[in-house]
file protein-v2.txt (compact mmCIF, N, CA, C and O atoms)
# COMPACT_ATOMS: atom_id res chain seq x y z
N MET N 1 -14.29 -0.02 6.09
CA MET N 1 -13.95 -0.38 4.73
C MET N 1 -12.46 -0.66 4.56
O MET N 1 -12.05 -1.23 3.60
N THR N 2 -11.64 -0.23 5.54
CA THR N 2 -10.19 -0.46 5.41
C THR N 2 -9.86 -1.95 5.41
O THR N 2 -8.79 -2.33 4.96
N LYS N 3 -10.79 -2.78 5.89
CA LYS N 3 -10.52 -4.22 5.90
C LYS N 3 -10.43 -4.78 4.48
O LYS N 3 -9.91 -5.86 4.27
N HIS N 4 -10.90 -4.03 3.47
CA HIS N 4 -10.83 -4.48 2.09
C HIS N 4 -9.58 -3.98 1.36
O HIS N 4 -9.34 -4.36 0.23
N VAL N 5 -8.80 -3.12 2.02
CA VAL N 5 -7.57 -2.62 1.44
C VAL N 5 -6.52 -3.71 1.52
O VAL N 5 -6.26 -4.26 2.58
N LYS N 6 -5.92 -4.04 0.38
CA LYS N 6 -4.91 -5.10 0.32
C LYS N 6 -3.53 -4.48 0.16
O LYS N 6 -3.29 -3.71 -0.77
N VAL N 7 -2.62 -4.81 1.11
CA VAL N 7 -1.30 -4.20 1.16
C VAL N 7 -0.21 -5.26 1.03
O VAL N 7 -0.28 -6.31 1.67
N ALA N 8 0.79 -4.97 0.21
CA ALA N 8 1.99 -5.80 0.14
C ALA N 8 3.09 -5.08 0.92
O ALA N 8 3.32 -3.89 0.71
N VAL N 9 3.74 -5.80 1.81
CA VAL N 9 4.84 -5.26 2.61
C VAL N 9 6.10 -6.01 2.21
O VAL N 9 6.19 -7.22 2.39
N CYS N 10 7.07 -5.26 1.69
CA CYS N 10 8.32 -5.86 1.22
C CYS N 10 9.44 -5.49 2.18
O CYS N 10 9.80 -4.32 2.30
N GLY N 11 9.95 -6.49 2.87
CA GLY N 11 10.98 -6.26 3.89
C GLY N 11 10.36 -6.25 5.27
O GLY N 11 9.16 -6.43 5.44
N LYS N 12 11.19 -6.08 6.25
CA LYS N 12 10.73 -6.11 7.65
C LYS N 12 10.25 -4.72 8.07
O LYS N 12 11.06 -3.80 8.26
N LEU N 13 8.95 -4.57 8.19
CA LEU N 13 8.33 -3.31 8.60
C LEU N 13 7.28 -3.55 9.68
O LEU N 13 6.10 -3.27 9.49
N PRO N 14 7.70 -4.07 10.85
CA PRO N 14 6.72 -4.38 11.89
C PRO N 14 5.95 -3.17 12.40
O PRO N 14 4.77 -3.26 12.73
N THR N 15 6.60 -2.00 12.48
CA THR N 15 5.91 -0.80 12.95
C THR N 15 4.75 -0.45 12.00
O THR N 15 3.64 -0.18 12.44
N ALA N 16 5.02 -0.46 10.72
CA ALA N 16 3.98 -0.14 9.73
C ALA N 16 2.88 -1.20 9.73
O ALA N 16 1.70 -0.86 9.64
N CYS N 17 3.25 -2.47 9.85
CA CYS N 17 2.25 -3.55 9.87
C CYS N 17 1.33 -3.41 11.09
O CYS N 17 0.10 -3.51 10.95
N ASP N 18 1.91 -3.15 12.24
CA ASP N 18 1.11 -2.95 13.46
C ASP N 18 0.18 -1.75 13.29
O ASP N 18 -0.99 -1.79 13.67
N TYR N 19 0.69 -0.69 12.71
CA TYR N 19 -0.09 0.52 12.50
C TYR N 19 -1.26 0.25 11.53
O TYR N 19 -2.38 0.69 11.78
N LEU N 20 -0.99 -0.49 10.47
CA LEU N 20 -2.05 -0.85 9.51
C LEU N 20 -3.14 -1.68 10.19
O LEU N 20 -4.33 -1.45 9.97
N LEU N 21 -2.73 -2.62 11.00
CA LEU N 21 -3.71 -3.45 11.73
C LEU N 21 -4.58 -2.59 12.64
O LEU N 21 -5.79 -2.79 12.70
N LYS N 22 -3.98 -1.61 13.30
CA LYS N 22 -4.75 -0.70 14.16
C LYS N 22 -5.71 0.16 13.36
O LYS N 22 -6.74 0.59 13.87
N GLN N 23 -5.39 0.40 12.09
CA GLN N 23 -6.26 1.18 11.21
C GLN N 23 -7.36 0.32 10.59
O GLN N 23 -8.22 0.82 9.87
N GLY N 24 -7.32 -1.00 10.85
CA GLY N 24 -8.36 -1.90 10.34
C GLY N 24 -7.98 -2.66 9.09
O GLY N 24 -8.81 -3.39 8.53
N VAL N 25 -6.75 -2.49 8.61
CA VAL N 25 -6.30 -3.23 7.43
C VAL N 25 -5.93 -4.64 7.87
O VAL N 25 -5.08 -4.82 8.74
N VAL N 26 -6.56 -5.65 7.28
CA VAL N 26 -6.29 -7.03 7.67
C VAL N 26 -5.67 -7.86 6.55
O VAL N 26 -5.16 -8.94 6.79
N GLN N 27 -5.72 -7.33 5.33
CA GLN N 27 -5.16 -8.06 4.19
C GLN N 27 -3.75 -7.55 3.91
O GLN N 27 -3.54 -6.68 3.08
N ILE N 28 -2.79 -8.10 4.65
CA ILE N 28 -1.39 -7.70 4.54
C ILE N 28 -0.57 -8.92 4.15
O ILE N 28 -0.52 -9.90 4.89
N ASP N 29 0.04 -8.87 2.98
CA ASP N 29 0.94 -9.94 2.53
C ASP N 29 2.37 -9.47 2.70
O ASP N 29 2.72 -8.37 2.26
N GLN N 30 3.19 -10.30 3.34
CA GLN N 30 4.57 -9.92 3.59
C GLN N 30 5.52 -10.70 2.69
O GLN N 30 5.36 -11.90 2.49
N TYR N 31 6.50 -9.98 2.16
CA TYR N 31 7.53 -10.55 1.29
C TYR N 31 8.90 -10.15 1.83
O TYR N 31 9.04 -9.13 2.49
N GLU N 32 9.90 -10.95 1.53
CA GLU N 32 11.26 -10.62 1.95
C GLU N 32 11.74 -9.35 1.26
O GLU N 32 12.39 -8.51 1.87
N ASP N 33 11.46 -9.21 -0.02
CA ASP N 33 11.78 -7.98 -0.75
C ASP N 33 10.84 -7.82 -1.94
O ASP N 33 10.07 -8.72 -2.26
N ALA N 34 10.91 -6.69 -2.60
CA ALA N 34 9.98 -6.36 -3.68
C ALA N 34 10.14 -7.28 -4.89
O ALA N 34 9.19 -7.43 -5.68
N ALA N 35 11.29 -7.92 -5.03
CA ALA N 35 11.50 -8.82 -6.17
C ALA N 35 10.58 -10.04 -6.11
O ALA N 35 10.35 -10.69 -7.13
N GLU N 36 10.04 -10.34 -4.94
CA GLU N 36 9.15 -11.50 -4.79
C GLU N 36 7.71 -11.22 -5.24
O GLU N 36 6.92 -12.15 -5.37
N LEU N 37 7.37 -9.95 -5.45
CA LEU N 37 6.01 -9.62 -5.88
C LEU N 37 5.76 -10.18 -7.27
O LEU N 37 6.51 -9.89 -8.21
N PHE N 38 4.72 -10.96 -7.41
CA PHE N 38 4.39 -11.54 -8.71
C PHE N 38 3.48 -10.62 -9.50
O PHE N 38 3.67 -10.40 -10.68
N ASP N 39 2.45 -10.07 -8.85
CA ASP N 39 1.48 -9.21 -9.52
C ASP N 39 1.21 -7.98 -8.67
O ASP N 39 0.36 -8.01 -7.79
N GLU N 40 1.93 -6.91 -8.94
CA GLU N 40 1.79 -5.68 -8.17
C GLU N 40 0.37 -5.13 -8.24
O GLU N 40 -0.13 -4.52 -7.31
N SER N 41 -0.32 -5.37 -9.36
CA SER N 41 -1.66 -4.82 -9.54
C SER N 41 -2.71 -5.53 -8.67
O SER N 41 -3.86 -5.11 -8.62
N ALA N 42 -2.32 -6.59 -7.96
CA ALA N 42 -3.23 -7.29 -7.06
C ALA N 42 -3.39 -6.55 -5.73
O ALA N 42 -4.20 -6.93 -4.90
N TYR N 43 -2.62 -5.47 -5.54
CA TYR N 43 -2.62 -4.74 -4.28
C TYR N 43 -3.14 -3.31 -4.47
O TYR N 43 -3.10 -2.76 -5.57
N HIS N 44 -3.59 -2.73 -3.37
CA HIS N 44 -4.00 -1.33 -3.35
C HIS N 44 -2.85 -0.43 -2.91
O HIS N 44 -2.86 0.77 -3.17
N LEU N 45 -1.87 -1.02 -2.22
CA LEU N 45 -0.73 -0.27 -1.69
C LEU N 45 0.45 -1.21 -1.52
O LEU N 45 0.28 -2.35 -1.10
N ILE N 46 1.64 -0.71 -1.85
CA ILE N 46 2.87 -1.48 -1.68
C ILE N 46 3.81 -0.67 -0.79
O ILE N 46 4.10 0.49 -1.08
N LEU N 47 4.27 -1.29 0.30
CA LEU N 47 5.24 -0.67 1.20
C LEU N 47 6.56 -1.40 1.05
O LEU N 47 6.60 -2.63 1.06
N ILE N 48 7.64 -0.64 0.94
CA ILE N 48 8.97 -1.23 0.74
C ILE N 48 9.92 -0.67 1.80
O ILE N 48 10.03 0.54 1.98
N TYR N 49 10.61 -1.58 2.48
CA TYR N 49 11.61 -1.19 3.47
C TYR N 49 12.79 -0.54 2.75
O TYR N 49 13.37 -1.13 1.83
N ALA N 50 13.10 0.69 3.17
CA ALA N 50 14.24 1.41 2.62
C ALA N 50 15.01 1.97 3.81
O ALA N 50 14.56 2.93 4.44
N PRO N 51 16.16 1.37 4.16
CA PRO N 51 16.88 1.68 5.40
C PRO N 51 17.12 3.16 5.68
O PRO N 51 17.07 3.59 6.81
N ASN N 52 17.37 3.96 4.68
CA ASN N 52 17.68 5.37 4.93
C ASN N 52 16.63 6.32 4.38
O ASN N 52 16.90 7.50 4.23
N ALA N 53 15.45 5.81 4.08
CA ALA N 53 14.38 6.68 3.60
C ALA N 53 13.81 7.46 4.76
O ALA N 53 13.58 6.93 5.83
N GLU N 54 13.56 8.73 4.55
CA GLU N 54 12.94 9.55 5.59
C GLU N 54 11.47 9.71 5.24
O GLU N 54 11.14 10.34 4.24
N GLY N 55 10.63 9.12 6.03
CA GLY N 55 9.20 9.20 5.76
C GLY N 55 8.83 8.34 4.58
O GLY N 55 9.36 7.25 4.39
N ILE N 56 7.95 8.86 3.78
CA ILE N 56 7.42 8.08 2.67
C ILE N 56 7.68 8.82 1.36
O ILE N 56 7.43 10.01 1.25
N LEU N 57 8.21 8.11 0.38
CA LEU N 57 8.40 8.66 -0.96
C LEU N 57 7.14 8.38 -1.76
O LEU N 57 6.65 7.26 -1.79
N ASP N 58 6.60 9.38 -2.41
CA ASP N 58 5.36 9.25 -3.14
C ASP N 58 5.63 8.83 -4.58
O ASP N 58 6.11 9.61 -5.38
N THR N 59 5.34 7.58 -4.91
CA THR N 59 5.49 7.08 -6.26
C THR N 59 4.41 6.03 -6.51
O THR N 59 3.73 5.62 -5.58
N VAL N 60 4.23 5.62 -7.75
CA VAL N 60 3.19 4.65 -8.08
C VAL N 60 3.70 3.60 -9.05
O VAL N 60 4.65 3.83 -9.79
N PHE N 61 3.04 2.44 -9.03
CA PHE N 61 3.26 1.40 -10.02
C PHE N 61 2.14 1.52 -11.04
O PHE N 61 0.97 1.59 -10.67
N LEU N 62 2.47 1.59 -12.31
CA LEU N 62 1.46 1.67 -13.37
C LEU N 62 1.57 0.43 -14.25
O LEU N 62 2.66 0.08 -14.69
N ARG N 63 0.45 -0.22 -14.49
CA ARG N 63 0.43 -1.33 -15.44
C ARG N 63 -0.49 -0.91 -16.58
O ARG N 63 -1.63 -0.55 -16.36
N GLU N 64 0.04 -0.94 -17.80
CA GLU N 64 -0.74 -0.54 -18.96
C GLU N 64 -1.19 -1.75 -19.75
O GLU N 64 -0.54 -2.78 -19.77
N THR N 65 -2.33 -1.58 -20.42
CA THR N 65 -2.82 -2.62 -21.33
C THR N 65 -2.07 -2.48 -22.65
O THR N 65 -1.30 -1.53 -22.86
N VAL N 66 -2.30 -3.39 -23.57
CA VAL N 66 -1.64 -3.35 -24.87
C VAL N 66 -1.97 -2.05 -25.61
O VAL N 66 -1.13 -1.48 -26.29
N SER N 67 -3.19 -1.55 -25.44
CA SER N 67 -3.61 -0.32 -26.11
C SER N 67 -3.05 0.94 -25.45
O SER N 67 -3.27 2.04 -25.93
N GLY N 68 -2.34 0.78 -24.34
CA GLY N 68 -1.73 1.91 -23.66
C GLY N 68 -2.57 2.53 -22.56
O GLY N 68 -2.15 3.49 -21.93
N LYS N 69 -3.75 1.99 -22.32
CA LYS N 69 -4.58 2.49 -21.22
C LYS N 69 -4.04 1.94 -19.90
O LYS N 69 -3.57 0.82 -19.83
N VAL N 70 -4.13 2.76 -18.85
CA VAL N 70 -3.66 2.33 -17.54
C VAL N 70 -4.64 1.33 -16.95
O VAL N 70 -5.82 1.62 -16.80
N LYS N 71 -4.15 0.15 -16.64
CA LYS N 71 -4.97 -0.92 -16.06
C LYS N 71 -4.98 -0.82 -14.53
O LYS N 71 -6.01 -1.05 -13.91
N ALA N 72 -3.86 -0.48 -13.96
CA ALA N 72 -3.76 -0.41 -12.50
C ALA N 72 -2.77 0.67 -12.10
O ALA N 72 -1.73 0.83 -12.73
N THR N 73 -3.11 1.41 -11.07
CA THR N 73 -2.23 2.39 -10.47
C THR N 73 -2.15 2.05 -8.98
O THR N 73 -3.16 2.10 -8.29
N VAL N 74 -0.97 1.67 -8.53
CA VAL N 74 -0.79 1.24 -7.14
C VAL N 74 0.26 2.14 -6.48
O VAL N 74 1.41 2.18 -6.94
N PRO N 75 -0.13 2.85 -5.40
CA PRO N 75 0.87 3.66 -4.71
C PRO N 75 1.95 2.79 -4.07
O PRO N 75 1.66 1.72 -3.55
N ILE N 76 3.18 3.27 -4.16
CA ILE N 76 4.33 2.61 -3.54
C ILE N 76 4.93 3.59 -2.54
O ILE N 76 5.15 4.76 -2.87
N ARG N 77 5.18 3.13 -1.32
CA ARG N 77 5.76 3.97 -0.29
C ARG N 77 7.02 3.31 0.25
O ARG N 77 7.02 2.12 0.55
N LEU N 78 8.07 4.10 0.39
CA LEU N 78 9.32 3.63 0.98
C LEU N 78 9.33 4.05 2.44
O LEU N 78 9.08 5.21 2.76
N LEU N 79 9.59 3.09 3.32
CA LEU N 79 9.59 3.36 4.76
C LEU N 79 10.87 2.88 5.41
O LEU N 79 11.48 1.90 4.97
N ASN N 80 11.24 3.57 6.47
CA ASN N 80 12.33 3.12 7.32
C ASN N 80 11.71 2.33 8.47
O ASN N 80 10.50 2.32 8.65
N GLU N 81 12.50 1.66 9.24
CA GLU N 81 12.01 0.93 10.41
C GLU N 81 12.85 1.34 11.61
O GLU N 81 14.07 1.19 11.57
N PRO N 82 12.27 1.85 12.65
CA PRO N 82 10.83 2.10 12.78
C PRO N 82 10.42 3.33 11.97
O PRO N 82 11.21 4.27 11.82
N ALA N 83 9.21 3.30 11.46
CA ALA N 83 8.70 4.42 10.68
C ALA N 83 8.49 5.63 11.59
O ALA N 83 8.07 5.49 12.73
N CYS N 84 8.81 6.81 11.08
CA CYS N 84 8.63 8.02 11.88
C CYS N 84 7.14 8.40 11.94
O CYS N 84 6.33 7.90 11.15
N ASP N 85 6.80 9.26 12.87
CA ASP N 85 5.40 9.66 13.07
C ASP N 85 4.79 10.27 11.82
O ASP N 85 3.65 9.98 11.47
N SER N 86 5.54 11.13 11.14
CA SER N 86 4.99 11.77 9.94
C SER N 86 4.73 10.75 8.84
O SER N 86 3.75 10.86 8.10
N ALA N 87 5.58 9.74 8.73
CA ALA N 87 5.37 8.69 7.73
C ALA N 87 4.12 7.87 8.07
O ALA N 87 3.35 7.51 7.17
N LEU N 88 3.91 7.60 9.35
CA LEU N 88 2.72 6.84 9.75
C LEU N 88 1.45 7.65 9.53
O LEU N 88 0.42 7.11 9.11
N LYS N 89 1.50 8.97 9.76
CA LYS N 89 0.34 9.82 9.48
C LYS N 89 0.03 9.83 7.99
O LYS N 89 -1.13 9.76 7.59
N GLU N 90 1.06 9.90 7.16
CA GLU N 90 0.86 9.87 5.71
C GLU N 90 0.31 8.51 5.30
O GLU N 90 -0.55 8.41 4.41
N LEU N 91 0.78 7.45 5.93
CA LEU N 91 0.27 6.11 5.65
C LEU N 91 -1.22 6.03 5.98
O LEU N 91 -2.01 5.48 5.21
N LYS N 92 -1.60 6.60 7.10
CA LYS N 92 -3.01 6.62 7.50
C LYS N 92 -3.86 7.35 6.46
O LYS N 92 -4.93 6.86 6.06
N LEU N 93 -3.38 8.50 5.99
CA LEU N 93 -4.12 9.25 4.97
C LEU N 93 -4.20 8.48 3.66
O LEU N 93 -5.24 8.49 2.99
N THR N 94 -3.12 7.81 3.30
CA THR N 94 -3.11 7.02 2.06
C THR N 94 -4.13 5.89 2.14
O THR N 94 -4.90 5.67 1.21
N VAL N 95 -4.16 5.17 3.27
CA VAL N 95 -5.11 4.08 3.45
C VAL N 95 -6.54 4.62 3.43
O VAL N 95 -7.43 4.02 2.83
N ARG N 96 -6.74 5.77 4.05
CA ARG N 96 -8.09 6.39 4.05
C ARG N 96 -8.52 6.73 2.62
O ARG N 96 -9.66 6.48 2.23
N ARG N 97 -7.61 7.32 1.83
CA ARG N 97 -7.94 7.66 0.43
C ARG N 97 -8.27 6.41 -0.37
O ARG N 97 -9.21 6.40 -1.16
N ILE N 98 -7.48 5.36 -0.19
CA ILE N 98 -7.73 4.11 -0.91
C ILE N 98 -9.09 3.56 -0.51
O ILE N 98 -9.87 3.14 -1.36
N SER N 99 -9.37 3.56 0.77
CA SER N 99 -10.65 3.06 1.27
C SER N 99 -11.81 3.85 0.69
O SER N 99 -12.82 3.27 0.26
N GLU N 100 -11.69 5.17 0.65
CA GLU N 100 -12.74 6.01 0.07
C GLU N 100 -12.93 5.72 -1.41
O GLU N 100 -14.05 5.72 -1.91
N THR N 101 -11.83 5.45 -2.12
CA THR N 101 -11.92 5.10 -3.53
C THR N 101 -12.66 3.77 -3.70
O THR N 101 -13.48 3.62 -4.60
N LEU N 102 -12.38 2.81 -2.83
CA LEU N 102 -13.07 1.52 -2.89
C LEU N 102 -14.55 1.68 -2.62
O LEU N 102 -15.39 1.06 -3.29
N ILE N 103 -14.90 2.53 -1.65
CA ILE N 103 -16.31 2.78 -1.36
C ILE N 103 -16.97 3.42 -2.57
O ILE N 103 -18.06 3.05 -2.96
N GLY N 104 -16.30 4.40 -3.17
CA GLY N 104 -16.83 5.07 -4.35
C GLY N 104 -17.02 4.14 -5.53
O GLY N 104 -18.02 4.22 -6.24
N SER N 105 -16.09 3.20 -5.73
CA SER N 105 -16.22 2.28 -6.85
C SER N 105 -17.33 1.26 -6.61
O SER N 105 -17.99 0.82 -7.54
N GLU N 106 -17.58 0.91 -5.34
CA GLU N 106 -18.70 0.02 -5.03
C GLU N 106 -20.02 0.72 -5.31
O GLU N 106 -20.94 0.13 -5.85
N GLY N 107 -20.11 1.98 -4.94
CA GLY N 107 -21.32 2.75 -5.16
C GLY N 107 -21.64 2.92 -6.62
O GLY N 107 -22.79 2.84 -7.04
N SER N 108 -20.61 3.10 -7.45
CA SER N 108 -20.84 3.30 -8.88
C SER N 108 -21.21 2.02 -9.59
O SER N 108 -21.88 2.03 -10.61
N THR N 109 -20.82 0.86 -9.05
CA THR N 109 -21.17 -0.42 -9.68
C THR N 109 -22.55 -0.88 -9.27
O THR N 109 -23.18 -1.64 -9.98
N SER N 110 -23.05 -0.40 -8.13
CA SER N 110 -24.36 -0.84 -7.67
C SER N 110 -25.48 0.06 -8.18
O SER N 110 -26.63 -0.24 -8.05
N ALA N 111 -25.13 1.20 -8.75
CA ALA N 111 -26.13 2.15 -9.23
C ALA N 111 -26.65 1.78 -10.59
O ALA N 111 -26.17 1.03 -11.32

call {"tool": "encode", "arguments": {"input": "protein-v2.txt", "output": "structure tokens"}}
result
Amino acid sequence: MTKHVKVAVCGKLPTACDYLLKQGVVQIDQYEDAAELFDESAYHLILIYAPNAEGILDTVFLRETVSGKVKATVPIRLLNEPACDSALKELKLTVRRISETLIGSEGSTSA
């Protein structure tokens, strides 16, 4: 199911991209930097190159509707290059959680 996870990669993160491919993620869009992202809510995960970040910073992008309801919640992770082992392990867990959420949402729509 990880092949359905859509990831935006902002900046040069070849270690993370290779790791995602090994995890089965095939929908990876690469951007020079985060300013190029047009619609953050089109992704399940956003990775941003941060030269001095240690591991992954846990934060999210929230897009609200006019009524104030959350339309999209997208995890954002800051990574260094090359990414450290602990950051890659956290990335693997994040992709797994996203994949499980996608499986769960498919099951609820087919019932």

call {"tool": "atom_distance", "arguments": {"input": "protein-v2.txt", "atom1": "atom C of Ala53 (chain N)", "atom2": "atom C of Arg97 (chain N)"}}
result
22.7 Å

call {"tool": "atom_distance", "arguments": {"input": "protein-v2.txt", "atom1": "atom C of Val25 (chain N)", "atom2": "atom O of Leu62 (chain N)"}}
result
24.6 Å

call {"tool": "select_by_dssp", "arguments": {"input": "protein-v2.txt", "residues": "chain N", "states": "alpha helix (DSSP H)", "output": "ChimeraX atom specification"}}
result
/N:14-22,85-110

call {"tool": "atom_distance", "arguments": {"input": "protein-v2.txt", "atom1": "atom O of Leu45 (chain N)", "atom2": "atom N of Ser67 (chain N)"}}
result
24.6 Å

call {"tool": "closest_residue", "arguments": {"input": "protein-v2.txt", "among": "N:Val26, N:Ala16, N:Ala87, N:Val60", "to": "Val74 (chain N)", "atoms": "all atoms listed in the file"}}
result
N:Val60

call {"tool": "closest_residue", "arguments": {"input": "protein-v2.txt", "among": "N:Cys84, N:Val5, N:Cys10, N:Leu102", "to": "Tyr43 (chain N)", "atoms": "all atoms listed in the file"}}
result
N:Val5

call {"tool": "select_by_dssp", "arguments": {"input": "protein-v2.txt", "residues": "chain N", "states": "strand (DSSP E or B)", "output": "JSON, numbers by chain"}}
result
{"N": [6, 7, 8, 9, 10, 27, 28, 29, 30, 31, 45, 46, 47, 48, 49, 59, 60, 61, 62, 63, 64, 70, 71, 72, 73, 74, 75, 76, 77, 78, 79]}

call {"tool": "write_last_selection", "arguments": {"input": "protein-v2.txt", "atoms": "N, CA, C and O atoms", "output": "short mmCIF file (atom, residue, chain, number, x, y, z; two decimals), in the frame of the given file"}}
result
data_model
loop_
_atom_site.label_atom_id
_atom_site.label_comp_id
_atom_site.auth_asym_id
_atom_site.auth_seq_id
_atom_site.Cartn_x
_atom_site.Cartn_y
_atom_site.Cartn_z
N LYS N 6 -5.92 -4.04 0.38
CA LYS N 6 -4.91 -5.10 0.32
C LYS N 6 -3.53 -4.48 0.16
O LYS N 6 -3.29 -3.71 -0.77
N VAL N 7 -2.62 -4.81 1.11
CA VAL N 7 -1.30 -4.20 1.16
C VAL N 7 -0.21 -5.26 1.03
O VAL N 7 -0.28 -6.31 1.67
N ALA N 8 0.79 -4.97 0.21
CA ALA N 8 1.99 -5.80 0.14
C ALA N 8 3.09 -5.08 0.92
O ALA N 8 3.32 -3.89 0.71
N VAL N 9 3.74 -5.80 1.81
CA VAL N 9 4.84 -5.26 2.61
C VAL N 9 6.10 -6.01 2.21
O VAL N 9 6.19 -7.22 2.39
N CYS N 10 7.07 -5.26 1.69
CA CYS N 10 8.32 -5.86 1.22
C CYS N 10 9.44 -5.49 2.18
O CYS N 10 9.80 -4.32 2.30
N GLN N 27 -5.72 -7.33 5.33
CA GLN N 27 -5.16 -8.06 4.19
C GLN N 27 -3.75 -7.55 3.91
O GLN N 27 -3.54 -6.68 3.08
N ILE N 28 -2.79 -8.10 4.65
CA ILE N 28 -1.39 -7.70 4.54
C ILE N 28 -0.57 -8.92 4.15
O ILE N 28 -0.52 -9.90 4.89
N ASP N 29 0.04 -8.87 2.98
CA ASP N 29 0.94 -9.94 2.53
C ASP N 29 2.37 -9.47 2.70
O ASP N 29 2.72 -8.37 2.26
N GLN N 30 3.19 -10.30 3.34
CA GLN N 30 4.57 -9.92 3.59
C GLN N 30 5.52 -10.70 2.69
O GLN N 30 5.36 -11.90 2.49
N TYR N 31 6.50 -9.98 2.16
CA TYR N 31 7.53 -10.55 1.29
C TYR N 31 8.90 -10.15 1.83
O TYR N 31 9.04 -9.13 2.49
N LEU N 45 -1.87 -1.02 -2.22
CA LEU N 45 -0.73 -0.27 -1.69
C LEU N 45 0.45 -1.21 -1.52
O LEU N 45 0.28 -2.35 -1.10
N ILE N 46 1.64 -0.71 -1.85
CA ILE N 46 2.87 -1.48 -1.68
C ILE N 46 3.81 -0.67 -0.79
O ILE N 46 4.10 0.49 -1.08
N LEU N 47 4.27 -1.29 0.30
CA LEU N 47 5.24 -0.67 1.20
C LEU N 47 6.56 -1.40 1.05
O LEU N 47 6.60 -2.63 1.06
N ILE N 48 7.64 -0.64 0.94
CA ILE N 48 8.97 -1.23 0.74
C ILE N 48 9.92 -0.67 1.80
O ILE N 48 10.03 0.54 1.98
N TYR N 49 10.61 -1.58 2.48
CA TYR N 49 11.61 -1.19 3.47
C TYR N 49 12.79 -0.54 2.75
O TYR N 49 13.37 -1.13 1.83
N THR N 59 5.34 7.58 -4.91
CA THR N 59 5.49 7.08 -6.26
C THR N 59 4.41 6.03 -6.51
O THR N 59 3.73 5.62 -5.58
N VAL N 60 4.23 5.62 -7.75
CA VAL N 60 3.19 4.65 -8.08
C VAL N 60 3.70 3.60 -9.05
O VAL N 60 4.65 3.83 -9.79
N PHE N 61 3.04 2.44 -9.03
CA PHE N 61 3.26 1.40 -10.02
C PHE N 61 2.14 1.52 -11.04
O PHE N 61 0.97 1.59 -10.67
N LEU N 62 2.47 1.59 -12.31
CA LEU N 62 1.46 1.67 -13.37
C LEU N 62 1.57 0.43 -14.25
O LEU N 62 2.66 0.08 -14.69
N ARG N 63 0.45 -0.22 -14.49
CA ARG N 63 0.43 -1.33 -15.44
C ARG N 63 -0.49 -0.91 -16.58
O ARG N 63 -1.63 -0.55 -16.36
N GLU N 64 0.04 -0.94 -17.80
CA GLU N 64 -0.74 -0.54 -18.96
C GLU N 64 -1.19 -1.75 -19.75
O GLU N 64 -0.54 -2.78 -19.77
N VAL N 70 -4.13 2.76 -18.85
CA VAL N 70 -3.66 2.33 -17.54
C VAL N 70 -4.64 1.33 -16.95
O VAL N 70 -5.82 1.62 -16.80
N LYS N 71 -4.15 0.15 -16.64
CA LYS N 71 -4.97 -0.92 -16.06
C LYS N 71 -4.98 -0.82 -14.53
O LYS N 71 -6.01 -1.05 -13.91
N ALA N 72 -3.86 -0.48 -13.96
CA ALA N 72 -3.76 -0.41 -12.50
C ALA N 72 -2.77 0.67 -12.10
O ALA N 72 -1.73 0.83 -12.73
N THR N 73 -3.11 1.41 -11.07
CA THR N 73 -2.23 2.39 -10.47
C THR N 73 -2.15 2.05 -8.98
O THR N 73 -3.16 2.10 -8.29
N VAL N 74 -0.97 1.67 -8.53
CA VAL N 74 -0.79 1.24 -7.14
C VAL N 74 0.26 2.14 -6.48
O VAL N 74 1.41 2.18 -6.94
N PRO N 75 -0.13 2.85 -5.40
CA PRO N 75 0.87 3.66 -4.71
C PRO N 75 1.95 2.79 -4.07
O PRO N 75 1.66 1.72 -3.55
N ILE N 76 3.18 3.27 -4.16
CA ILE N 76 4.33 2.61 -3.54
C ILE N 76 4.93 3.59 -2.54
O ILE N 76 5.15 4.76 -2.87
N ARG N 77 5.18 3.13 -1.32
CA ARG N 77 5.76 3.97 -0.29
C ARG N 77 7.02 3.31 0.25
O ARG N 77 7.02 2.12 0.55
N LEU N 78 8.07 4.10 0.39
CA LEU N 78 9.32 3.63 0.98
C LEU N 78 9.33 4.05 2.44
O LEU N 78 9.08 5.21 2.76
N LEU N 79 9.59 3.09 3.32
CA LEU N 79 9.59 3.36 4.76
C LEU N 79 10.87 2.88 5.41
O LEU N 79 11.48 1.90 4.97
#

call {"tool": "closest_residue", "arguments": {"input": "protein-v2.txt", "among": "N:Glu81, N:Asp29, N:Glu100, N:Asp39", "to": "Asn52 (chain N)", "atoms": "only N, CA, C and O atoms"}}
result
N:Glu81

call {"tool": "residues_around", "arguments": {"input": "protein-v2.txt", "residues": "Ala34 (chain N)", "least_positions_apart": "3", "cutoff": "8 Å", "atoms": "only N, CA, C and O atoms", "output": "number ranges by chain"}}
result
N: 9-11, 31, 37-40, 47-49
